[in-house]
file final_13.cif (mmCIF, C-alpha atoms)
data_final
#
loop_
_atom_site.label_atom_id
_atom_site.label_comp_id
_atom_site.auth_asym_id
_atom_site.auth_seq_id
_atom_site.Cartn_x
_atom_site.Cartn_y
_atom_site.Cartn_z
CA MET A 16 -5.01 -8.28 -73.19
CA THR A 17 -2.87 -5.28 -72.39
CA TYR A 18 -4.20 -1.82 -73.19
CA ALA A 19 -1.98 -1.65 -76.28
CA GLU A 20 -3.28 -5.05 -77.44
CA THR A 21 -6.85 -3.92 -76.78
CA LEU A 22 -6.37 -0.81 -78.91
CA ALA A 23 -4.83 -2.87 -81.69
CA TYR A 24 -7.81 -5.22 -81.55
CA LEU A 25 -10.30 -2.32 -81.77
CA TYR A 26 -8.53 -0.67 -84.69
CA ALA A 27 -8.19 -3.99 -86.53
CA GLN A 28 -11.72 -5.27 -85.89
CA LEU A 29 -13.83 -2.13 -86.12
CA PRO A 30 -14.11 -0.05 -89.30
CA MET A 31 -13.29 3.57 -88.43
CA PHE A 32 -14.74 6.40 -90.52
CA GLN A 33 -11.99 8.81 -89.51
CA ARG A 34 -9.42 6.48 -91.02
CA ILE A 35 -11.10 4.82 -93.99
CA GLY A 36 -14.15 6.98 -94.75
CA GLN A 37 -17.37 5.78 -96.37
CA ALA A 38 -16.72 2.07 -95.93
CA ALA A 39 -17.16 2.52 -92.17
CA TYR A 40 -20.41 4.47 -92.37
CA LYS A 41 -23.57 2.69 -91.19
CA ALA A 42 -26.73 4.36 -92.52
CA ASP A 43 -29.09 3.08 -89.83
CA LEU A 44 -29.31 2.62 -86.06
CA GLY A 45 -29.68 -1.17 -86.13
CA ASN A 46 -26.23 -1.86 -84.74
CA THR A 47 -26.62 0.75 -82.02
CA HIS A 48 -29.95 -0.68 -80.87
CA ALA A 49 -28.38 -4.15 -80.80
CA LEU A 50 -25.46 -2.84 -78.72
CA MET A 51 -27.83 -1.10 -76.31
CA GLU A 52 -29.78 -4.33 -75.92
CA ALA A 53 -26.57 -6.27 -75.21
CA LEU A 54 -25.58 -3.78 -72.52
CA GLY A 55 -28.95 -3.64 -70.79
CA HIS A 56 -29.90 -0.27 -72.30
CA PRO A 57 -27.53 2.20 -70.62
CA GLU A 58 -29.06 4.97 -72.75
CA GLN A 59 -32.34 4.72 -70.88
CA GLY A 60 -32.52 7.14 -67.99
CA LEU A 61 -29.30 8.89 -69.02
CA LYS A 62 -29.74 12.60 -68.36
CA CYS A 63 -27.97 14.32 -71.23
CA VAL A 64 -27.48 17.25 -73.56
CA HIS A 65 -27.35 16.19 -77.22
CA VAL A 66 -25.30 18.42 -79.55
CA ALA A 67 -25.25 18.34 -83.37
CA GLY A 68 -24.16 20.77 -86.08
CA THR A 69 -21.67 21.21 -88.90
CA ASN A 70 -19.12 23.30 -87.01
CA GLY A 71 -18.66 24.29 -83.40
CA LYS A 72 -20.39 21.31 -81.83
CA GLY A 73 -17.20 20.19 -80.09
CA SER A 74 -16.47 23.62 -78.59
CA THR A 75 -20.13 24.05 -77.61
CA SER A 76 -20.17 20.63 -75.95
CA HIS A 77 -17.03 21.42 -73.98
CA LEU A 78 -18.40 24.79 -72.84
CA ILE A 79 -21.60 23.17 -71.59
CA ALA A 80 -19.73 20.33 -69.86
CA SER A 81 -17.27 22.72 -68.23
CA THR A 82 -20.08 24.86 -66.84
CA LEU A 83 -22.04 21.91 -65.47
CA GLN A 84 -18.83 20.70 -63.84
CA GLU A 85 -18.33 24.12 -62.23
CA ALA A 86 -21.94 23.91 -60.99
CA GLY A 87 -20.98 20.85 -58.97
CA TYR A 88 -22.34 18.07 -61.14
CA THR A 89 -20.59 14.86 -62.17
CA VAL A 90 -20.49 15.35 -65.93
CA GLY A 91 -19.83 12.83 -68.67
CA LEU A 92 -18.52 14.14 -71.99
CA HIS A 93 -18.45 12.09 -75.21
CA THR A 94 -16.90 13.77 -78.25
CA SER A 95 -15.11 12.75 -81.43
CA PRO A 96 -12.73 12.41 -83.11
CA HIS A 97 -9.76 12.35 -80.78
CA LEU A 98 -6.40 13.99 -81.44
CA LYS A 99 -3.72 12.13 -79.49
CA ASP A 100 -5.38 9.49 -77.33
CA PHE A 101 -8.68 7.83 -78.19
CA ARG A 102 -9.66 8.08 -74.51
CA GLU A 103 -10.16 11.82 -75.14
CA ARG A 104 -13.58 10.76 -76.42
CA PHE A 105 -14.66 9.60 -72.97
CA ARG A 106 -14.33 11.97 -70.01
CA ILE A 107 -15.95 12.51 -66.65
CA ASN A 108 -15.30 15.92 -65.12
CA GLY A 109 -12.49 16.34 -67.62
CA ALA A 110 -10.64 13.12 -66.72
CA MET A 111 -10.20 10.54 -69.47
CA VAL A 112 -11.40 7.01 -68.85
CA ASN A 113 -8.87 4.69 -67.23
CA GLU A 114 -7.03 2.33 -69.59
CA ASN A 115 -7.98 -0.68 -67.48
CA THR A 116 -11.66 0.16 -67.85
CA VAL A 117 -11.30 0.01 -71.62
CA VAL A 118 -9.53 -3.36 -71.41
CA GLU A 119 -12.12 -4.80 -69.05
CA PHE A 120 -15.03 -3.62 -71.19
CA VAL A 121 -13.60 -5.10 -74.39
CA GLU A 122 -12.79 -8.43 -72.74
CA ARG A 123 -16.24 -8.60 -71.15
CA TYR A 124 -18.24 -7.80 -74.27
CA ARG A 125 -16.15 -8.70 -77.30
CA ASN A 126 -17.91 -12.04 -77.86
CA VAL A 127 -21.28 -10.26 -77.73
CA PHE A 128 -20.19 -7.37 -79.93
CA GLU A 129 -18.36 -9.26 -82.68
CA PRO A 130 -21.48 -10.81 -84.26
CA ILE A 131 -23.07 -7.33 -84.41
CA GLN A 132 -20.04 -6.03 -86.36
CA PRO A 133 -20.22 -2.44 -85.10
CA SER A 134 -18.15 0.42 -86.45
CA PHE A 135 -15.55 2.05 -84.23
CA PHE A 136 -17.90 4.96 -83.58
CA GLU A 137 -20.83 2.69 -82.71
CA TRP A 138 -18.63 0.77 -80.31
CA GLY A 139 -17.45 4.03 -78.74
CA VAL A 140 -20.99 5.29 -78.21
CA ALA A 141 -21.94 2.02 -76.52
CA PHE A 142 -18.88 2.19 -74.31
CA ALA A 143 -19.54 5.81 -73.35
CA PHE A 144 -23.14 5.12 -72.33
CA TRP A 145 -22.12 2.03 -70.39
CA TRP A 146 -19.32 3.86 -68.56
CA PHE A 147 -21.49 6.86 -67.73
CA ARG A 148 -24.06 4.48 -66.19
CA GLU A 149 -21.37 2.61 -64.27
CA GLN A 150 -20.02 5.89 -62.86
CA ARG A 151 -23.51 7.27 -62.20
CA VAL A 152 -22.90 10.62 -63.83
CA ASP A 153 -25.47 13.31 -63.08
CA ILE A 154 -25.60 14.40 -66.70
CA ALA A 155 -23.71 13.72 -69.92
CA VAL A 156 -22.95 15.98 -72.88
CA LEU A 157 -23.03 14.00 -76.10
CA GLU A 158 -21.64 15.27 -79.40
CA THR A 159 -22.98 13.61 -82.53
CA GLY A 160 -20.63 12.30 -85.17
CA MET A 161 -21.35 13.70 -88.63
CA GLY A 162 -25.13 13.77 -88.77
CA GLY A 163 -28.07 13.53 -86.45
CA ARG A 164 -31.03 11.42 -87.54
CA LEU A 165 -28.94 8.28 -88.11
CA ASP A 166 -26.12 9.11 -85.71
CA SER A 167 -25.36 6.39 -83.17
CA THR A 168 -25.83 8.83 -80.30
CA ASN A 169 -29.45 9.39 -81.41
CA VAL A 170 -30.95 6.77 -79.09
CA VAL A 171 -31.11 9.04 -76.06
CA SER A 172 -33.89 11.18 -74.58
CA PRO A 173 -32.06 14.42 -73.77
CA GLU A 174 -32.90 17.28 -71.46
CA VAL A 175 -32.22 19.62 -74.36
CA SER A 176 -31.12 19.17 -77.97
CA VAL A 177 -28.65 21.63 -79.51
CA ILE A 178 -27.86 22.26 -83.18
CA THR A 179 -25.01 24.74 -83.59
CA ASN A 180 -25.22 25.58 -87.31
CA ILE A 181 -25.53 24.11 -90.79
CA GLY A 182 -22.79 24.21 -93.43
CA TRP A 183 -21.31 22.26 -96.30
CA ASP A 184 -19.74 19.02 -95.08
CA HIS A 185 -20.28 15.27 -95.60
CA MET A 186 -22.69 16.00 -98.44
CA GLN A 187 -22.34 12.44 -99.78
CA PHE A 188 -24.09 11.23 -96.61
CA LEU A 189 -26.27 14.14 -95.48
CA GLY A 190 -27.58 15.74 -98.66
CA ASP A 191 -26.62 18.11 -101.46
CA SER A 192 -28.38 21.22 -100.14
CA LEU A 193 -28.29 23.10 -96.84
CA PRO A 194 -31.98 22.39 -96.11
CA ALA A 195 -31.35 18.67 -96.72
CA ILE A 196 -28.36 18.71 -94.37
CA ALA A 197 -30.43 20.65 -91.82
CA ARG A 198 -33.16 18.01 -91.95
CA GLU A 199 -30.63 15.28 -91.16
CA LYS A 200 -29.25 17.28 -88.22
CA ALA A 201 -32.82 18.03 -87.08
CA GLY A 202 -33.25 14.29 -86.62
CA ILE A 203 -32.03 14.71 -83.03
CA ILE A 204 -35.14 16.77 -82.15
CA LYS A 205 -37.34 14.70 -79.83
CA HIS A 206 -41.01 14.94 -78.95
CA GLY A 207 -41.60 17.62 -76.34
CA THR A 208 -37.89 18.17 -75.76
CA PRO A 209 -36.57 21.76 -76.02
CA VAL A 210 -34.18 22.42 -78.89
CA VAL A 211 -31.68 25.28 -79.19
CA ILE A 212 -30.57 26.40 -82.67
CA GLY A 213 -27.30 28.35 -82.66
CA GLU A 214 -27.36 29.78 -86.19
CA ALA A 215 -29.99 29.44 -88.92
CA GLU A 216 -31.64 31.60 -91.51
CA GLY A 217 -33.94 31.30 -94.52
CA GLU A 218 -34.86 27.78 -95.61
CA VAL A 219 -32.65 26.19 -92.97
CA LYS A 220 -34.48 28.05 -90.22
CA GLU A 221 -37.81 26.91 -91.64
CA VAL A 222 -36.65 23.28 -91.62
CA PHE A 223 -35.90 23.52 -87.91
CA ARG A 224 -39.14 25.35 -87.18
CA SER A 225 -41.14 22.72 -89.08
CA VAL A 226 -39.47 19.69 -87.47
CA ALA A 227 -39.78 21.21 -83.99
CA ALA A 228 -43.47 21.90 -84.55
CA GLU A 229 -43.97 18.35 -85.80
CA HIS A 230 -42.48 17.05 -82.54
CA GLN A 231 -44.10 19.69 -80.33
CA ALA A 232 -40.58 20.63 -79.24
CA PRO A 233 -40.11 24.15 -77.83
CA ILE A 234 -37.53 25.85 -80.06
CA THR A 235 -35.10 28.66 -79.26
CA PHE A 236 -33.18 30.48 -81.99
CA VAL A 237 -30.12 32.06 -80.38
CA ASP A 238 -29.75 35.82 -80.78
CA GLN A 239 -26.18 35.92 -82.05
CA HIS A 240 -26.09 39.73 -81.86
CA GLN A 241 -26.61 40.00 -78.12
CA PRO A 242 -23.57 40.82 -75.94
CA LEU A 243 -21.94 37.76 -74.41
CA PRO A 244 -21.98 38.36 -70.64
CA TYR A 245 -19.38 35.70 -69.86
CA PRO A 246 -15.92 35.81 -71.46
CA SER A 247 -14.74 32.52 -72.93
CA ALA A 248 -11.21 31.14 -72.99
CA LEU A 249 -11.78 30.26 -76.67
CA PRO A 250 -10.82 33.17 -78.94
CA GLY A 251 -12.64 34.46 -82.01
CA GLN A 252 -16.08 35.62 -83.04
CA HIS A 253 -17.02 32.07 -84.02
CA GLN A 254 -16.30 30.96 -80.47
CA GLU A 255 -18.45 33.78 -79.16
CA ARG A 256 -21.28 32.35 -81.26
CA ASN A 257 -20.61 28.89 -79.81
CA ALA A 258 -20.62 30.39 -76.32
CA ARG A 259 -23.98 32.09 -76.91
CA THR A 260 -25.37 28.76 -78.10
CA ALA A 261 -23.95 26.99 -75.04
CA LEU A 262 -25.37 29.70 -72.78
CA SER A 263 -28.82 29.33 -74.31
CA ALA A 264 -28.74 25.57 -73.72
CA LEU A 265 -27.61 26.09 -70.12
CA LEU A 266 -30.48 28.48 -69.49
CA VAL A 267 -32.91 25.86 -70.82
CA LEU A 268 -31.38 23.36 -68.39
CA ARG A 269 -31.81 25.88 -65.59
CA ASP A 270 -35.48 26.26 -66.51
CA ARG A 271 -35.79 22.49 -66.26
CA GLY A 272 -34.54 22.51 -62.68
CA TRP A 273 -30.78 22.17 -63.00
CA LYS A 274 -28.97 24.45 -60.57
CA ILE A 275 -26.56 26.48 -62.69
CA PRO A 276 -25.60 29.75 -60.95
CA GLU A 277 -24.11 32.73 -62.75
CA GLU A 278 -20.69 32.11 -61.22
CA ALA A 279 -20.67 28.56 -62.61
CA ILE A 280 -21.28 29.85 -66.14
CA ASN A 281 -18.58 32.48 -65.74
CA ALA A 282 -16.06 29.95 -64.41
CA GLY A 283 -17.13 27.27 -66.88
CA PHE A 284 -16.50 29.48 -69.89
CA ARG A 285 -13.26 30.88 -68.49
CA ASN A 286 -11.85 27.46 -67.50
CA VAL A 287 -13.15 25.40 -70.41
CA VAL A 288 -9.72 24.28 -71.63
CA ASP A 289 -8.45 23.33 -68.16
CA ASN A 290 -11.72 21.63 -67.20
CA THR A 291 -12.19 19.55 -70.35
CA GLY A 292 -8.82 19.19 -72.10
CA LEU A 293 -10.09 20.77 -75.33
CA MET A 294 -7.36 20.97 -77.99
CA GLY A 295 -6.91 22.09 -81.58
CA ARG A 296 -9.09 25.21 -81.56
CA TRP A 297 -6.75 28.06 -82.52
CA GLN A 298 -4.30 26.40 -80.15
CA VAL A 299 -1.03 28.30 -79.71
CA LEU A 300 1.87 25.85 -79.86
CA GLY A 301 4.73 28.33 -79.62
CA GLU A 302 5.98 31.88 -80.03
CA ARG A 303 8.70 33.40 -82.23
CA PRO A 304 7.59 32.25 -84.62
CA ARG A 305 4.01 32.25 -83.41
CA THR A 306 2.72 28.77 -84.18
CA ILE A 307 -0.97 27.88 -84.15
CA ALA A 308 -2.97 24.71 -84.85
CA ASP A 309 -6.64 24.65 -85.81
CA VAL A 310 -8.74 21.66 -86.83
CA ALA A 311 -10.79 23.57 -89.45
CA HIS A 312 -11.46 21.20 -92.34
CA ASN A 313 -14.50 22.45 -94.29
CA VAL A 314 -15.38 25.66 -96.07
CA ASP A 315 -17.01 27.38 -93.10
CA GLY A 316 -14.19 26.35 -90.81
CA ILE A 317 -11.56 27.72 -93.16
CA ARG A 318 -13.48 31.00 -93.41
CA VAL A 319 -13.20 31.24 -89.64
CA VAL A 320 -9.46 30.60 -89.88
CA ARG A 321 -9.10 33.46 -92.36
CA ALA A 322 -10.97 35.75 -89.97
CA MET A 323 -8.69 34.68 -87.12
CA LEU A 324 -5.60 35.34 -89.26
CA GLU A 325 -6.79 38.92 -89.76
CA ARG A 326 -6.49 39.42 -86.00
CA GLU A 327 -2.85 38.32 -85.98
CA HIS A 328 0.23 40.45 -86.68
CA TYR A 329 3.05 38.79 -88.59
CA ASP A 330 5.52 39.37 -91.40
CA ARG A 331 5.05 36.20 -93.47
CA LEU A 332 2.56 33.36 -93.28
CA HIS A 333 3.51 29.69 -93.47
CA ILE A 334 0.67 27.14 -93.69
CA VAL A 335 1.10 23.42 -93.08
CA LEU A 336 -1.85 21.95 -94.95
CA GLY A 337 -3.26 18.47 -95.27
CA MET A 338 -6.76 17.26 -96.08
CA VAL A 339 -8.77 14.06 -96.37
CA ASN A 340 -9.76 12.64 -99.72
CA ASP A 341 -13.55 13.03 -99.47
CA LYS A 342 -13.86 16.80 -99.03
CA ASP A 343 -14.96 19.38 -101.58
CA LEU A 344 -11.43 20.66 -102.19
CA SER A 345 -12.33 23.48 -104.52
CA LYS A 346 -14.55 25.30 -102.05
CA VAL A 347 -12.09 24.92 -99.21
CA LEU A 348 -9.00 25.91 -101.19
CA SER A 349 -10.72 28.98 -102.59
CA GLU A 350 -11.03 30.27 -99.02
CA LEU A 351 -7.34 29.89 -98.16
CA PRO A 352 -5.05 32.96 -98.38
CA ASP A 353 -2.81 33.10 -101.44
CA GLN A 354 -0.27 35.32 -99.65
CA ALA A 355 1.32 32.38 -97.85
CA THR A 356 3.87 29.65 -98.35
CA TYR A 357 2.29 26.20 -98.21
CA TYR A 358 3.83 23.04 -96.78
CA ILE A 359 1.56 20.35 -98.20
CA CYS A 360 1.38 16.95 -96.57
CA LYS A 361 -0.70 13.83 -95.97
CA ALA A 362 -1.81 12.73 -92.52
CA ASP A 363 -0.84 9.19 -91.58
CA ILE A 364 -4.26 7.67 -92.25
CA PRO A 365 -5.61 5.84 -95.32
CA ARG A 366 -8.21 8.57 -95.85
CA GLY A 367 -5.54 11.27 -96.13
CA LEU A 368 -5.23 12.99 -99.51
CA ASN A 369 -1.98 12.37 -101.37
CA ALA A 370 0.30 15.41 -100.92
CA ASP A 371 1.21 15.66 -104.61
CA LEU A 372 -2.44 15.62 -105.62
CA LEU A 373 -3.24 18.26 -103.03
CA LYS A 374 -0.33 20.37 -104.28
CA GLU A 375 -1.79 20.27 -107.80
CA GLN A 376 -5.16 21.39 -106.51
CA CYS A 377 -3.52 24.14 -104.48
CA ALA A 378 -1.65 25.41 -107.52
CA ALA A 379 -4.92 25.60 -109.47
CA HIS A 380 -6.18 28.00 -106.79
CA GLY A 381 -3.03 30.12 -106.75
CA LEU A 382 -1.61 28.58 -103.58
CA THR A 383 2.12 27.96 -103.88
CA GLY A 384 4.32 25.63 -101.90
CA SER A 385 5.98 22.24 -101.73
CA ALA A 386 4.78 18.74 -100.99
CA TYR A 387 6.28 16.76 -98.11
CA PRO A 388 6.05 13.03 -97.40
CA THR A 389 4.81 13.41 -93.82
CA VAL A 390 3.19 15.95 -91.54
CA ALA A 391 6.32 15.97 -89.40
CA THR A 392 8.63 16.89 -92.28
CA ALA A 393 6.25 19.60 -93.48
CA TYR A 394 5.96 21.03 -89.98
CA ARG A 395 9.73 21.01 -89.45
CA ALA A 396 10.28 22.75 -92.78
CA ALA A 397 7.75 25.45 -91.94
CA CYS A 398 9.26 26.06 -88.51
CA THR A 399 12.77 26.15 -90.02
CA ASP A 400 11.81 28.58 -92.77
CA ALA A 401 9.83 30.90 -90.53
CA GLN A 402 11.50 33.95 -89.05
CA PRO A 403 10.75 35.04 -85.47
CA ASP A 404 8.08 37.54 -86.57
CA ASP A 405 6.36 35.14 -88.99
CA LEU A 406 3.35 32.95 -88.28
CA VAL A 407 3.08 29.18 -88.78
CA LEU A 408 -0.43 27.73 -89.08
CA VAL A 409 -1.26 24.02 -89.13
CA THR A 410 -4.75 23.30 -90.48
CA GLY A 411 -6.99 21.49 -92.98
CA SER A 412 -7.64 18.29 -91.06
CA VAL A 413 -8.08 17.03 -87.53
CA PHE A 414 -5.54 14.35 -88.36
CA VAL A 415 -2.84 16.77 -89.48
CA VAL A 416 -3.29 18.78 -86.28
CA ALA A 417 -3.17 15.58 -84.26
CA GLU A 418 0.36 14.91 -85.45
CA VAL A 419 1.73 18.25 -84.17
CA VAL A 420 -0.10 19.05 -80.92
#
call {"tool": "encode", "arguments": {"input": "final_13.cif", "output": "C-alpha cells"}}
result
Amino acid sequence: MTYAETLAYLYAQLPMFQRIGQAAYKADLGNTHALMEALGHPEQGLKCVHVAGTNGKGSTSHLIASTLQEAGYTVGLHTSPHLKDFRERFRINGAMVNENTVVEFVERYRNVFEPIQPSFFEWGVAFAFWWFREQRVDIAVLETGMGGRLDSTNVVSPEVSVITNIGWDHMQFLGDSLPAIAREKAGIIKHGTPVVIGEAEGEVKEVFRSVAAEHQAPITFVDQHQPLPYPSALPGQHQERNARTALSALLVLRDRGWKIPEEAINAGFRNVVDNTGLMGRWQVLGERPRTIADVAHNVDGIRVVRAMLEREHYDRLHIVLGMVNDKDLSKVLSELPDQATYYICKADIPRGLNADLLKEQCAAHGLTGSAYPTVATAYRAACTDAQPDDLVLVTGSVFVVAEVV
C-alpha cells in the first residue's frame, strides 16, 4: 500500500473517537494488552513520563519533552489528537515518524491486529510503543487520551506520573463529579512511582492523596504561586501553571538520576514550539487583523481564552466557533464573551455539531452571529469583515482549529 492507501485503511477499519465519539470508546484495556502481546510487549522496559489531566496535558507533555531533548536525550513524544497530519502524534526529538514506517508497520501487523478490532487510539498507542522500542529512545513522554485508569497508554511503568488538573469534560465516560473524574485520572498512579499533581484542591486533592497513599506513591502538589524561574514560549497564566507542573516533573526525574541541567530547562521551555512542533495554543496566524487560533473546547479552556482576550488590544472581536456534539454546551457558551460577532460552523467530522443548532444555542446565551456551512467559509467571512485593528479568534474545537492552521 501507499501511505495514502494506508491512511485510508486505518480510518476505514479503526473506529476513531475524535471523529465518531462514543461508539469508538473502549472501556477496558483488553485490546491494548492483546496488542502489546502481539508486538512482544514494547511497553515493558520503556522509560517514560505519563501525563494525564483535563486541560494542559498536551502543553505540559511538550514542555517536558523539549527539555529532555535539550538535555541531550533521545525523546519519544506521543500525544493526541493531531491537527493537520496524524503523524504529529508520534515524534522523536520533534521529528514526526516517517511515512514509510507507518506503511511497513500496518502491512506487517494488520493480519494480527484485525481480529483484535482495536480503536484508532489503541492502534496508535501500540504503534508508538513499538516505534519507540525500534528507535531505542532514552525516554518517552506519553499523553493520555481522555481518562487515565482505562486509557490505552496505562500499561506502562513510568519514571513519574503527572496529572495537570481536573475539570469538567467527558463526563459521560469519566463521572458526573470532579472527585469521580479525579479518581479516573488517578488511575495512572503506580505503586511506588512518584506522582506530580499540577492543580488540585478540596475533595479532588483528597482523592489524589488517598490513591497515592494506597499505592505508596510519593506525591508532589505543585506550588502554583511560586515564581517561574524559566520563561516559556507559551503565553498566558495557564501556560505558566503548565510550566510549573512540567518543572516539578523534571525535578523528580533529576532526583531519579536523569541529568537535566538548568540550561536545558531554560532552553527547553524557551524553544518548546521549535523543538516539538506544538500548534493550536494561542497560536498567532496573522496580524492586521490579529488572528489567533486556540484549541480550547471545554469550560475551563474557554475561561482561559477569556483571560487571554483580556490581555489583547483590539477594536472589535470576531469569533469563529465550532463544537462537537457531545459537550456540555450551556456551560461552555456561558463563558464566551457576548461582545463579539460569531461565525458559527461545523468541523468536517461526523462528531461536529450542526452549525444551525449551535447558532440556536448561542442565541440563547446572548451570542449573536451567523451560521456557515464550513469552517473555511466562516473563517473567510470573519477575516473579510474584520478591520485591521480588530481581532479574529478561532476556537471551540480541536477540529475547527485544524482546518485553519
call {"tool": "atom_distance", "arguments": {"input": "final_13.cif", "atom1": "atom CA of Met323 of chain A", "atom2": "atom CA of Ala248 of chain A"}}
result
14.8 Å
call {"tool": "resolve_selection", "arguments": {"input": "final_13.cif", "expression": "the PyMOL selection byres ((chain A and resi 258-275) around 8)", "output": "list in words"}}
result
Thr75, Ser76, Leu78, Ile79, Thr82, Leu83, Ala86, Glu174, Val175, Val177, Thr179, Pro209, Val211, Ile212, Gly213, Val237, Asp238, Gln239, Leu243, Ser247, Gln254, Glu255, Arg256, Asn257, Pro276, Glu277, Ala279, Ile280 and Phe284 of chain A
call {"tool": "write_last_selection", "arguments": {"input": "final_13.cif", "atoms": "C-alpha atoms", "output": "PDB file, in the frame of the given file"}}
result
ATOM      1  CA  THR A  75     -20.130  24.050 -77.610  1.00  0.00           C
ATOM      2  CA  SER A  76     -20.170  20.630 -75.950  1.00  0.00           C
ATOM      3  CA  LEU A  78     -18.400  24.790 -72.840  1.00  0.00           C
ATOM      4  CA  ILE A  79     -21.600  23.170 -71.590  1.00  0.00           C
ATOM      5  CA  THR A  82     -20.080  24.860 -66.840  1.00  0.00           C
ATOM      6  CA  LEU A  83     -22.040  21.910 -65.470  1.00  0.00           C
ATOM      7  CA  ALA A  86     -21.940  23.910 -60.990  1.00  0.00           C
ATOM      8  CA  GLU A 174     -32.900  17.280 -71.460  1.00  0.00           C
ATOM      9  CA  VAL A 175     -32.220  19.620 -74.360  1.00  0.00           C
ATOM     10  CA  VAL A 177     -28.650  21.630 -79.510  1.00  0.00           C
ATOM     11  CA  THR A 179     -25.010  24.740 -83.590  1.00  0.00           C
ATOM     12  CA  PRO A 209     -36.570  21.760 -76.020  1.00  0.00           C
ATOM     13  CA  VAL A 211     -31.680  25.280 -79.190  1.00  0.00           C
ATOM     14  CA  ILE A 212     -30.570  26.400 -82.670  1.00  0.00           C
ATOM     15  CA  GLY A 213     -27.300  28.350 -82.660  1.00  0.00           C
ATOM     16  CA  VAL A 237     -30.120  32.060 -80.380  1.00  0.00           C
ATOM     17  CA  ASP A 238     -29.750  35.820 -80.780  1.00  0.00           C
ATOM     18  CA  GLN A 239     -26.180  35.920 -82.050  1.00  0.00           C
ATOM     19  CA  LEU A 243     -21.940  37.760 -74.410  1.00  0.00           C
ATOM     20  CA  SER A 247     -14.740  32.520 -72.930  1.00  0.00           C
ATOM     21  CA  GLN A 254     -16.300  30.960 -80.470  1.00  0.00           C
ATOM     22  CA  GLU A 255     -18.450  33.780 -79.160  1.00  0.00           C
ATOM     23  CA  ARG A 256     -21.280  32.350 -81.260  1.00  0.00           C
ATOM     24  CA  ASN A 257     -20.610  28.890 -79.810  1.00  0.00           C
ATOM     25  CA  PRO A 276     -25.600  29.750 -60.950  1.00  0.00           C
ATOM     26  CA  GLU A 277     -24.110  32.730 -62.750  1.00  0.00           C
ATOM     27  CA  ALA A 279     -20.670  28.560 -62.610  1.00  0.00           C
ATOM     28  CA  ILE A 280     -21.280  29.850 -66.140  1.00  0.00           C
ATOM     29  CA  PHE A 284     -16.500  29.480 -69.890  1.00  0.00           C
TER      30      PHE A 284
END
call {"tool": "closest_residue", "arguments": {"input": "final_13.cif", "among": "A:Gln241, A:Thr392, A:Ser349, A:Ser225", "to": "Ile317 of chain A", "atoms": "all atoms listed in the file"}}
result
A:Ser349
call {"tool": "resolve_selection", "arguments": {"input": "final_13.cif", "expression": "the PyMOL selection byres ((chain A and resi 404-410) around 9)", "output": "count of residues only"}}
result
37
call {"tool": "residues_around", "arguments": {"input": "final_13.cif", "residues": "Glu52 of chain A", "least_positions_apart": "2", "cutoff": "12 Å", "atoms": "only C-alpha atoms", "output": "PDB file with C-alpha atoms, keeping the file's coordinate frame"}}
result
ATOM      1  CA  GLY A  45     -29.680  -1.170 -86.130  1.00  0.00           C
ATOM      2  CA  ASN A  46     -26.230  -1.860 -84.740  1.00  0.00           C
ATOM      3  CA  THR A  47     -26.620   0.750 -82.020  1.00  0.00           C
ATOM      4  CA  HIS A  48     -29.950  -0.680 -80.870  1.00  0.00           C
ATOM      5  CA  ALA A  49     -28.380  -4.150 -80.800  1.00  0.00           C
ATOM      6  CA  LEU A  50     -25.460  -2.840 -78.720  1.00  0.00           C
ATOM      7  CA  LEU A  54     -25.580  -3.780 -72.520  1.00  0.00           C
ATOM      8  CA  GLY A  55     -28.950  -3.640 -70.790  1.00  0.00           C
ATOM      9  CA  HIS A  56     -29.900  -0.270 -72.300  1.00  0.00           C
ATOM     10  CA  PRO A  57     -27.530   2.200 -70.620  1.00  0.00           C
ATOM     11  CA  GLU A  58     -29.060   4.970 -72.750  1.00  0.00           C
ATOM     12  CA  GLN A  59     -32.340   4.720 -70.880  1.00  0.00           C
ATOM     13  CA  VAL A 127     -21.280 -10.260 -77.730  1.00  0.00           C
ATOM     14  CA  PHE A 128     -20.190  -7.370 -79.930  1.00  0.00           C
ATOM     15  CA  ILE A 131     -23.070  -7.330 -84.410  1.00  0.00           C
ATOM     16  CA  ALA A 141     -21.940   2.020 -76.520  1.00  0.00           C
ATOM     17  CA  TRP A 145     -22.120   2.030 -70.390  1.00  0.00           C
ATOM     18  CA  VAL A 170     -30.950   6.770 -79.090  1.00  0.00           C
TER      19      VAL A 170
END
call {"tool": "closest_residue", "arguments": {"input": "final_13.cif", "among": "A:Asn369, A:Ser134, A:Asn313, A:Ser167", "to": "Lys346 of chain A", "atoms": "all atoms listed in the file"}}
result
A:Asn313
call {"tool": "closest_residue", "arguments": {"input": "final_13.cif", "among": "A:Val347, A:Leu44, A:Tyr124, A:Leu249", "to": "Val299 of chain A", "atoms": "only C-alpha atoms"}}
result
A:Leu249
call {"tool": "residues_around", "arguments": {"input": "final_13.cif", "residues": "Phe101 of chain A", "least_positions_apart": "4", "cutoff": "10 Å", "atoms": "all atoms listed in the file", "output": "PyMOL selection string"}}
result
chain A and resi 22+95-97+105+111-112+139
call {"tool": "atom_distance", "arguments": {"input": "final_13.cif", "atom1": "atom CA of Asp100 of chain A", "atom2": "atom CA of Glu129 of chain A"}}
result
23.4 Å
